[in-house]
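Accompanying notes for the structure given below.
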Amino acid sequence: MNETIVFFDIDGTLLDERNRLPQTTKQAIGLLQRSGIRTAIATGRTPSQFEWIREELNIDTYVSANGQYVVYEGREIYAQRLPPDRLRDMCEFAEERGHCLAFSSHAMLCASHAAHPLIDASFGALSLEYPPVDPLFYTHSPVYQAYLFCPVEEEPLYTARFPEYRYHRWHRLAADVMPAGGSKAVGIQKLLEAVGAAPAQCYAFGDGLNDKEMLAWVGTGIAMGNASDEVKAVADRVTATSSEDGIWHGLKQVGLI
């Protein structure tokens, strides 16, 4: 397959600083689709958290949960679960320290505690609603990614106790939890293997630390203007910020629109 695929991160990339989809981003993605270029999402979010974005942008291919759950044209092609016994251990460890967890399957996200201030603060920053509460969610549903809610200075307690995981900090009070070898790049690789597409034909837009592997692995990685210098350093190009029509300008830079 000689198909061109463009992957888009969500927070700080598709969404601007006010968590809105800029009109120019909608227009740019529509132009790509009408020209036969496939568009896909690559995010740390669970699928239930960005269903409205998929519907608004007419996108049915995505790499979610930081590469742990991958869908191509609405069909699941890769799913990597976290072991329930270790999630139980982490829950107990967090409980002892006044912290908490949340768990994401492909269908929903559930928190281990109700009305926890750490979840309120971190989810509120992204304009996300407080998730349903089910402290035993991991015992009856597949969990592709966990969320650890603890202050950043206490994260080393978890990295020492649970070294089989990697932690992507997205808020001073919250971090994604995934297997040590997991990343968006791994999820994209699984997708390309399934459909027979080449990395050299792919583009990716991102701004966060969890986008570094993705930007470096695809043929052309494009960092948003609001990305850190560390992220920009691994990208092939840098565009404007997400609030300054960065998607539109980035696609113009590489000649896709």
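Quick note on naming: the chains in the structure tokens go A, B, ... in the order shown, residues restart at 1 in each chain, and ligands are numbered from 1 in order of appearance.
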* Asked: Which neighbours of Ser35 of chain A fall inside 12 Å, counting only C-alpha atoms, when residues of the same chain fewer than 2 positions from it are skipped, and could you give them as an MDAnalysis selection string?
  -> chainID A and resid 3:5 28:33 37:39 256:257
* **Counting only C-alpha atoms, the residue of A:Ala146, A:Val71, A:Met108, A:Val186 that sits nearest Pro84 of chain A** => A:Ala146
For the helix (DSSP H, G or I) assignment from backbone DSSP, which residues of segment 43-163 of chain A qualify? Please present them as a compact mmCIF listing (two decimals) with all heavy atoms, in the first residue's frame.
```txt
# COMPACT_ATOMS: atom_id res chain seq x y z
N PRO A 47 -10.56 5.99 24.01
CA PRO A 47 -11.49 6.31 22.93
C PRO A 47 -12.74 7.05 23.35
O PRO A 47 -13.23 7.93 22.64
CB PRO A 47 -11.83 4.93 22.35
CG PRO A 47 -10.58 4.14 22.57
CD PRO A 47 -10.07 4.60 23.91
N SER A 48 -13.28 6.73 24.53
CA SER A 48 -14.50 7.38 24.98
C SER A 48 -14.29 8.87 25.25
O SER A 48 -15.25 9.65 25.26
CB SER A 48 -15.04 6.71 26.24
OG SER A 48 -14.11 6.80 27.31
N GLN A 49 -13.04 9.30 25.43
CA GLN A 49 -12.75 10.70 25.73
C GLN A 49 -12.63 11.57 24.48
O GLN A 49 -12.55 12.79 24.60
CB GLN A 49 -11.45 10.81 26.53
CG GLN A 49 -11.53 10.28 27.94
CD GLN A 49 -10.21 10.44 28.65
OE1 GLN A 49 -9.16 10.02 28.16
NE2 GLN A 49 -10.24 11.06 29.82
N GLU A 51 -14.53 10.74 21.39
CA GLU A 51 -15.53 10.33 20.41
C GLU A 51 -16.08 11.55 19.67
O GLU A 51 -16.29 11.52 18.45
CB GLU A 51 -16.65 9.57 21.10
CG GLU A 51 -17.70 9.03 20.14
CD GLU A 51 -18.75 8.19 20.83
OE1 GLU A 51 -18.67 8.04 22.08
OE2 GLU A 51 -19.64 7.68 20.14
N TRP A 52 -16.31 12.65 20.39
CA TRP A 52 -16.86 13.84 19.74
C TRP A 52 -15.91 14.42 18.71
O TRP A 52 -16.34 14.96 17.67
CB TRP A 52 -17.22 14.90 20.79
CG TRP A 52 -16.05 15.57 21.46
CD1 TRP A 52 -15.37 15.13 22.55
CD2 TRP A 52 -15.42 16.80 21.07
NE1 TRP A 52 -14.36 16.01 22.89
CE2 TRP A 52 -14.37 17.05 21.99
CE3 TRP A 52 -15.64 17.72 20.05
CZ2 TRP A 52 -13.55 18.16 21.93
CZ3 TRP A 52 -14.83 18.84 19.98
CH2 TRP A 52 -13.80 19.05 20.91
N ILE A 53 -14.60 14.28 18.97
CA ILE A 53 -13.61 14.78 18.02
C ILE A 53 -13.61 13.91 16.77
O ILE A 53 -13.56 14.42 15.63
CB ILE A 53 -12.22 14.82 18.66
CG1 ILE A 53 -12.21 15.81 19.84
CG2 ILE A 53 -11.16 15.22 17.63
CD1 ILE A 53 -10.93 15.80 20.64
N ARG A 54 -13.67 12.60 16.94
CA ARG A 54 -13.72 11.69 15.79
C ARG A 54 -14.94 11.97 14.92
O ARG A 54 -14.86 11.96 13.68
CB ARG A 54 -13.73 10.23 16.26
CG ARG A 54 -12.53 9.84 17.10
CD ARG A 54 -12.33 8.33 17.16
NE ARG A 54 -13.50 7.58 17.59
CZ ARG A 54 -13.81 7.32 18.87
NH1 ARG A 54 -13.04 7.79 19.84
NH2 ARG A 54 -14.86 6.59 19.17
N GLU A 55 -16.07 12.21 15.57
CA GLU A 55 -17.29 12.48 14.82
C GLU A 55 -17.20 13.80 14.07
O GLU A 55 -17.58 13.90 12.90
CB GLU A 55 -18.49 12.48 15.77
CG GLU A 55 -18.82 11.10 16.33
CD GLU A 55 -19.97 11.14 17.32
OE1 GLU A 55 -20.40 12.26 17.68
OE2 GLU A 55 -20.43 10.06 17.75
N GLU A 56 -16.67 14.82 14.74
CA GLU A 56 -16.62 16.14 14.10
C GLU A 56 -15.63 16.18 12.95
O GLU A 56 -15.83 16.89 11.96
CB GLU A 56 -16.24 17.20 15.15
CG GLU A 56 -16.39 18.61 14.63
CD GLU A 56 -16.62 19.63 15.75
OE1 GLU A 56 -16.86 19.23 16.89
OE2 GLU A 56 -16.56 20.83 15.45
N LEU A 57 -14.55 15.38 13.04
CA LEU A 57 -13.52 15.38 12.01
C LEU A 57 -13.66 14.22 11.03
O LEU A 57 -12.85 14.08 10.11
CB LEU A 57 -12.13 15.34 12.66
CG LEU A 57 -11.76 16.55 13.52
CD1 LEU A 57 -10.38 16.35 14.14
CD2 LEU A 57 -11.81 17.84 12.71
N ALA A 65 -4.72 5.56 23.99
CA ALA A 65 -4.07 5.08 25.21
C ALA A 65 -2.55 4.97 25.03
O ALA A 65 -1.92 4.01 25.45
CB ALA A 65 -4.65 3.74 25.66
N ASN A 66 -1.99 5.97 24.35
CA ASN A 66 -0.54 6.00 24.10
C ASN A 66 -0.02 4.74 23.41
O ASN A 66 1.03 4.20 23.75
CB ASN A 66 0.22 6.25 25.40
CG ASN A 66 0.21 7.70 25.81
OD1 ASN A 66 0.58 8.57 25.04
ND2 ASN A 66 -0.22 7.97 27.03
N GLY A 67 -0.79 4.28 22.42
CA GLY A 67 -0.35 3.14 21.62
C GLY A 67 -0.86 1.80 22.07
O GLY A 67 -0.60 0.78 21.42
N PRO A 84 -3.96 -7.22 35.71
CA PRO A 84 -4.84 -6.82 36.82
C PRO A 84 -4.16 -6.89 38.19
O PRO A 84 -4.44 -6.05 39.06
CB PRO A 84 -6.01 -7.81 36.73
CG PRO A 84 -6.01 -8.27 35.31
CD PRO A 84 -4.57 -8.28 34.90
N ASP A 85 -3.29 -7.90 38.40
CA ASP A 85 -2.67 -8.04 39.73
C ASP A 85 -1.78 -6.85 40.07
O ASP A 85 -1.75 -6.37 41.21
CB ASP A 85 -1.90 -9.35 39.83
CG ASP A 85 -0.82 -9.50 38.76
OD1 ASP A 85 -0.91 -8.84 37.72
OD2 ASP A 85 0.13 -10.28 38.99
N ARG A 86 -1.08 -6.31 39.07
CA ARG A 86 -0.22 -5.17 39.33
C ARG A 86 -1.03 -3.89 39.50
O ARG A 86 -0.64 -2.99 40.25
CB ARG A 86 0.82 -5.02 38.23
CG ARG A 86 1.84 -6.12 38.20
CD ARG A 86 2.61 -6.17 39.51
NE ARG A 86 3.73 -5.23 39.54
CZ ARG A 86 4.36 -4.86 40.65
NH1 ARG A 86 3.96 -5.32 41.84
NH2 ARG A 86 5.37 -4.01 40.59
N LEU A 87 -2.16 -3.80 38.82
CA LEU A 87 -3.04 -2.65 39.02
C LEU A 87 -3.60 -2.66 40.45
O LEU A 87 -3.71 -1.62 41.09
CB LEU A 87 -4.18 -2.67 38.00
CG LEU A 87 -3.78 -2.36 36.56
CD1 LEU A 87 -4.97 -2.55 35.63
CD2 LEU A 87 -3.22 -0.96 36.42
N ARG A 88 -3.91 -3.85 40.94
CA ARG A 88 -4.37 -3.97 42.33
C ARG A 88 -3.29 -3.50 43.29
O ARG A 88 -3.55 -2.73 44.22
CB ARG A 88 -4.74 -5.42 42.64
CG ARG A 88 -5.24 -5.64 44.07
CD ARG A 88 -5.20 -7.10 44.45
NE ARG A 88 -3.83 -7.59 44.43
CZ ARG A 88 -3.43 -8.69 43.79
NH1 ARG A 88 -4.29 -9.42 43.09
NH2 ARG A 88 -2.15 -9.07 43.83
N ASP A 89 -2.06 -3.93 43.04
CA ASP A 89 -0.95 -3.52 43.90
C ASP A 89 -0.75 -2.00 43.88
O ASP A 89 -0.50 -1.37 44.91
CB ASP A 89 0.35 -4.21 43.46
CG ASP A 89 0.31 -5.71 43.66
OD1 ASP A 89 -0.56 -6.19 44.41
OD2 ASP A 89 1.15 -6.40 43.05
N MET A 90 -0.85 -1.42 42.69
CA MET A 90 -0.67 0.02 42.57
C MET A 90 -1.81 0.77 43.26
O MET A 90 -1.58 1.82 43.88
CB MET A 90 -0.55 0.44 41.10
CG MET A 90 -0.20 1.91 40.92
SD MET A 90 0.02 2.42 39.19
CE MET A 90 1.61 1.69 38.83
N CYS A 91 -3.01 0.25 43.14
CA CYS A 91 -4.15 0.88 43.82
C CYS A 91 -3.92 0.92 45.33
O CYS A 91 -4.16 1.95 45.99
CB CYS A 91 -5.43 0.11 43.52
SG CYS A 91 -6.19 0.52 41.96
N GLU A 92 -3.49 -0.19 45.90
CA GLU A 92 -3.25 -0.25 47.34
C GLU A 92 -2.12 0.69 47.74
O GLU A 92 -2.21 1.38 48.76
CB GLU A 92 -2.91 -1.69 47.74
CG GLU A 92 -4.08 -2.66 47.55
CD GLU A 92 -3.69 -4.10 47.81
OE1 GLU A 92 -2.47 -4.37 48.00
OE2 GLU A 92 -4.58 -4.97 47.79
N PHE A 93 -1.08 0.74 46.92
CA PHE A 93 0.05 1.62 47.19
C PHE A 93 -0.39 3.09 47.16
O PHE A 93 0.00 3.90 48.01
CB PHE A 93 1.13 1.36 46.13
CG PHE A 93 2.46 1.99 46.41
CD1 PHE A 93 3.30 1.48 47.38
CD2 PHE A 93 2.89 3.10 45.68
CE1 PHE A 93 4.55 2.05 47.62
CE2 PHE A 93 4.12 3.69 45.92
CZ PHE A 93 4.95 3.15 46.90
N ALA A 94 -1.22 3.44 46.16
CA ALA A 94 -1.71 4.81 46.04
C ALA A 94 -2.65 5.16 47.20
O ALA A 94 -2.59 6.28 47.75
CB ALA A 94 -2.44 4.98 44.71
N GLU A 95 -3.49 4.24 47.56
CA GLU A 95 -4.44 4.48 48.64
C GLU A 95 -3.73 4.84 49.94
O GLU A 95 -4.15 5.74 50.68
CB GLU A 95 -5.29 3.21 48.85
CG GLU A 95 -6.29 3.30 49.98
CD GLU A 95 -7.54 4.04 49.62
OE1 GLU A 95 -7.84 4.14 48.41
OE2 GLU A 95 -8.21 4.54 50.53
N GLU A 96 -2.63 4.15 50.21
CA GLU A 96 -1.87 4.40 51.44
C GLU A 96 -1.29 5.81 51.47
O GLU A 96 -0.98 6.32 52.55
CB GLU A 96 -0.74 3.38 51.55
CG GLU A 96 -1.24 1.94 51.77
CD GLU A 96 -0.11 0.93 51.60
OE1 GLU A 96 1.04 1.35 51.28
OE2 GLU A 96 -0.37 -0.27 51.77
N PRO A 117 -9.79 15.29 44.92
CA PRO A 117 -9.31 16.61 44.47
C PRO A 117 -8.23 16.54 43.39
O PRO A 117 -8.13 17.46 42.57
CB PRO A 117 -8.78 17.26 45.76
CG PRO A 117 -8.55 16.13 46.71
CD PRO A 117 -9.58 15.10 46.37
N LEU A 118 -7.43 15.49 43.37
CA LEU A 118 -6.39 15.38 42.35
C LEU A 118 -6.99 15.15 40.97
O LEU A 118 -6.50 15.68 39.97
CB LEU A 118 -5.41 14.25 42.70
CG LEU A 118 -4.62 14.40 43.99
CD1 LEU A 118 -3.72 13.19 44.22
CD2 LEU A 118 -3.80 15.68 43.98
N ILE A 119 -8.06 14.37 40.91
CA ILE A 119 -8.74 14.16 39.63
C ILE A 119 -9.49 15.42 39.22
O ILE A 119 -9.45 15.83 38.06
CB ILE A 119 -9.72 12.96 39.71
CG1 ILE A 119 -8.95 11.67 40.01
CG2 ILE A 119 -10.51 12.82 38.41
CD1 ILE A 119 -9.83 10.43 40.11
N ASP A 120 -10.14 16.05 40.18
CA ASP A 120 -10.86 17.29 39.89
C ASP A 120 -9.93 18.32 39.25
O ASP A 120 -10.27 18.94 38.23
CB ASP A 120 -11.44 17.88 41.19
CG ASP A 120 -12.83 17.35 41.49
OD1 ASP A 120 -13.56 17.03 40.54
OD2 ASP A 120 -13.16 17.26 42.67
N ALA A 121 -8.75 18.50 39.82
CA ALA A 121 -7.82 19.54 39.35
C ALA A 121 -7.26 19.20 37.97
O ALA A 121 -7.22 20.05 37.07
CB ALA A 121 -6.70 19.73 40.35
N SER A 122 -6.81 17.97 37.76
CA SER A 122 -6.16 17.61 36.50
C SER A 122 -7.15 17.46 35.36
O SER A 122 -6.92 17.96 34.25
CB SER A 122 -5.34 16.32 36.68
OG SER A 122 -6.14 15.29 37.22
N PHE A 123 -8.28 16.81 35.60
CA PHE A 123 -9.29 16.69 34.54
C PHE A 123 -9.92 18.04 34.24
O PHE A 123 -10.25 18.34 33.10
CB PHE A 123 -10.37 15.67 34.95
CG PHE A 123 -10.07 14.27 34.50
CD1 PHE A 123 -8.80 13.74 34.64
CD2 PHE A 123 -11.05 13.48 33.93
CE1 PHE A 123 -8.50 12.45 34.23
CE2 PHE A 123 -10.77 12.19 33.50
CZ PHE A 123 -9.50 11.67 33.65
N GLY A 124 -10.09 18.85 35.27
CA GLY A 124 -10.66 20.17 35.06
C GLY A 124 -9.82 21.03 34.15
O GLY A 124 -10.33 21.84 33.38
N ALA A 125 -8.49 20.84 34.19
CA ALA A 125 -7.59 21.62 33.34
C ALA A 125 -7.80 21.33 31.86
O ALA A 125 -7.48 22.16 31.01
CB ALA A 125 -6.14 21.34 33.73
N PHE A 137 -12.77 -1.80 38.65
CA PHE A 137 -12.94 -1.85 37.20
C PHE A 137 -11.95 -2.82 36.55
O PHE A 137 -12.30 -3.58 35.65
CB PHE A 137 -12.77 -0.45 36.63
CG PHE A 137 -12.99 -0.35 35.15
CD1 PHE A 137 -14.27 -0.30 34.62
CD2 PHE A 137 -11.92 -0.31 34.27
CE1 PHE A 137 -14.49 -0.20 33.25
CE2 PHE A 137 -12.11 -0.22 32.90
CZ PHE A 137 -13.40 -0.16 32.39
N TYR A 138 -10.71 -2.81 37.03
CA TYR A 138 -9.66 -3.63 36.42
C TYR A 138 -9.88 -5.13 36.62
O TYR A 138 -9.23 -5.94 35.95
CB TYR A 138 -8.29 -3.23 36.99
CG TYR A 138 -8.16 -3.43 38.47
CD1 TYR A 138 -7.73 -4.63 39.01
CD2 TYR A 138 -8.49 -2.40 39.36
CE1 TYR A 138 -7.63 -4.81 40.38
CE2 TYR A 138 -8.40 -2.56 40.72
CZ TYR A 138 -7.97 -3.77 41.23
OH TYR A 138 -7.88 -3.95 42.59
N THR A 139 -10.78 -5.52 37.52
CA THR A 139 -11.02 -6.94 37.77
C THR A 139 -12.00 -7.55 36.78
O THR A 139 -12.04 -8.78 36.63
CB THR A 139 -11.56 -7.17 39.20
OG1 THR A 139 -12.87 -6.58 39.32
CG2 THR A 139 -10.63 -6.58 40.23
N HIS A 140 -12.79 -6.72 36.10
CA HIS A 140 -13.80 -7.26 35.19
C HIS A 140 -13.74 -6.68 33.78
O HIS A 140 -14.49 -7.12 32.91
CB HIS A 140 -15.20 -7.05 35.77
CG HIS A 140 -15.56 -5.62 36.05
ND1 HIS A 140 -15.88 -4.72 35.05
CD2 HIS A 140 -15.63 -4.92 37.22
CE1 HIS A 140 -16.14 -3.54 35.59
NE2 HIS A 140 -16.00 -3.64 36.91
N VAL A 152 3.79 15.62 41.27
CA VAL A 152 4.94 15.21 40.47
C VAL A 152 6.13 14.83 41.34
O VAL A 152 6.89 13.91 41.00
CB VAL A 152 5.32 16.35 39.48
CG1 VAL A 152 5.73 17.61 40.22
CG2 VAL A 152 6.40 15.90 38.51
N GLU A 153 6.29 15.48 42.49
CA GLU A 153 7.44 15.17 43.33
C GLU A 153 7.35 13.80 43.99
O GLU A 153 8.35 13.26 44.47
CB GLU A 153 7.63 16.26 44.40
CG GLU A 153 6.45 16.43 45.35
CD GLU A 153 5.45 17.45 44.84
OE1 GLU A 153 5.50 17.79 43.64
OE2 GLU A 153 4.62 17.91 45.66
N GLU A 154 6.16 13.19 43.98
CA GLU A 154 6.00 11.86 44.58
C GLU A 154 5.99 10.74 43.54
O GLU A 154 5.92 9.56 43.90
CB GLU A 154 4.72 11.82 45.42
CG GLU A 154 4.75 12.78 46.61
CD GLU A 154 3.55 12.63 47.52
OE1 GLU A 154 3.37 11.54 48.09
OE2 GLU A 154 2.79 13.62 47.64
N GLU A 155 6.10 11.09 42.28
CA GLU A 155 6.13 10.07 41.23
C GLU A 155 7.28 9.07 41.38
O GLU A 155 7.10 7.88 41.09
CB GLU A 155 6.18 10.73 39.85
CG GLU A 155 6.08 9.77 38.69
CD GLU A 155 6.10 10.47 37.36
OE1 GLU A 155 5.29 11.42 37.16
OE2 GLU A 155 6.92 10.10 36.50
N PRO A 156 8.48 9.50 41.84
CA PRO A 156 9.57 8.51 42.01
C PRO A 156 9.22 7.34 42.92
O PRO A 156 9.82 6.26 42.79
CB PRO A 156 10.71 9.37 42.60
CG PRO A 156 10.45 10.74 42.06
CD PRO A 156 8.95 10.88 42.07
N LEU A 157 8.28 7.51 43.82
CA LEU A 157 7.84 6.39 44.66
C LEU A 157 7.29 5.26 43.79
O LEU A 157 7.50 4.07 44.07
CB LEU A 157 6.77 6.85 45.65
CG LEU A 157 7.17 7.89 46.69
CD1 LEU A 157 5.93 8.35 47.47
CD2 LEU A 157 8.20 7.31 47.65
N TYR A 158 6.59 5.65 42.73
CA TYR A 158 5.95 4.67 41.85
C TYR A 158 6.94 4.08 40.84
O TYR A 158 6.88 2.90 40.53
CB TYR A 158 4.76 5.31 41.14
CG TYR A 158 3.66 5.67 42.09
CD1 TYR A 158 3.66 6.91 42.76
CD2 TYR A 158 2.61 4.80 42.35
CE1 TYR A 158 2.65 7.24 43.66
CE2 TYR A 158 1.61 5.13 43.25
CZ TYR A 158 1.64 6.35 43.90
OH TYR A 158 0.64 6.68 44.80
N THR A 159 7.82 4.92 40.33
CA THR A 159 8.80 4.40 39.37
C THR A 159 9.73 3.39 40.03
O THR A 159 10.18 2.44 39.39
CB THR A 159 9.63 5.54 38.76
OG1 THR A 159 10.28 6.27 39.80
CG2 THR A 159 8.74 6.49 37.98
N ALA A 160 9.99 3.57 41.32
CA ALA A 160 10.83 2.61 42.05
C ALA A 160 10.07 1.33 42.37
O ALA A 160 10.61 0.22 42.27
CB ALA A 160 11.35 3.24 43.34
N ARG A 161 8.80 1.46 42.74
CA ARG A 161 8.00 0.30 43.15
C ARG A 161 7.45 -0.48 41.95
O ARG A 161 7.30 -1.70 42.00
CB ARG A 161 6.84 0.78 44.03
CG ARG A 161 5.91 -0.32 44.54
CD ARG A 161 6.61 -1.24 45.53
NE ARG A 161 5.68 -2.23 46.05
CZ ARG A 161 4.96 -2.06 47.17
NH1 ARG A 161 5.07 -0.95 47.87
NH2 ARG A 161 4.15 -3.01 47.56
```
* State, in Å with one decimal place, the distance from atom CA of Ala235 of chain A to atom CA of Gly44 of chain A. =>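 Value for the atom CA of Ala235 of chain A-atom CA of Gly44 of chain A distance: 18.7 Å.
Take the candidates A:Gly255, A:Ala194, A:Trp248, A:Val133 and check each one against Gln27 of chain A using only C-alpha atoms; the shortest distance goes to A:Trp248.
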* Structure fact -> Closest of A:Thr24, A:Ser141, A:His171, A:Asn2 to Gly250 of chain A, counting only C-alpha atoms, is A:Thr24
* Test item: residues at most 12 Å from Ala240 of chain A, only C-alpha atoms, excluding those fewer than 2 positions along its chain, as a PyMOL selection string -> chain A and resi 12-13+16+205-207+222-227+232+237-238+242-253
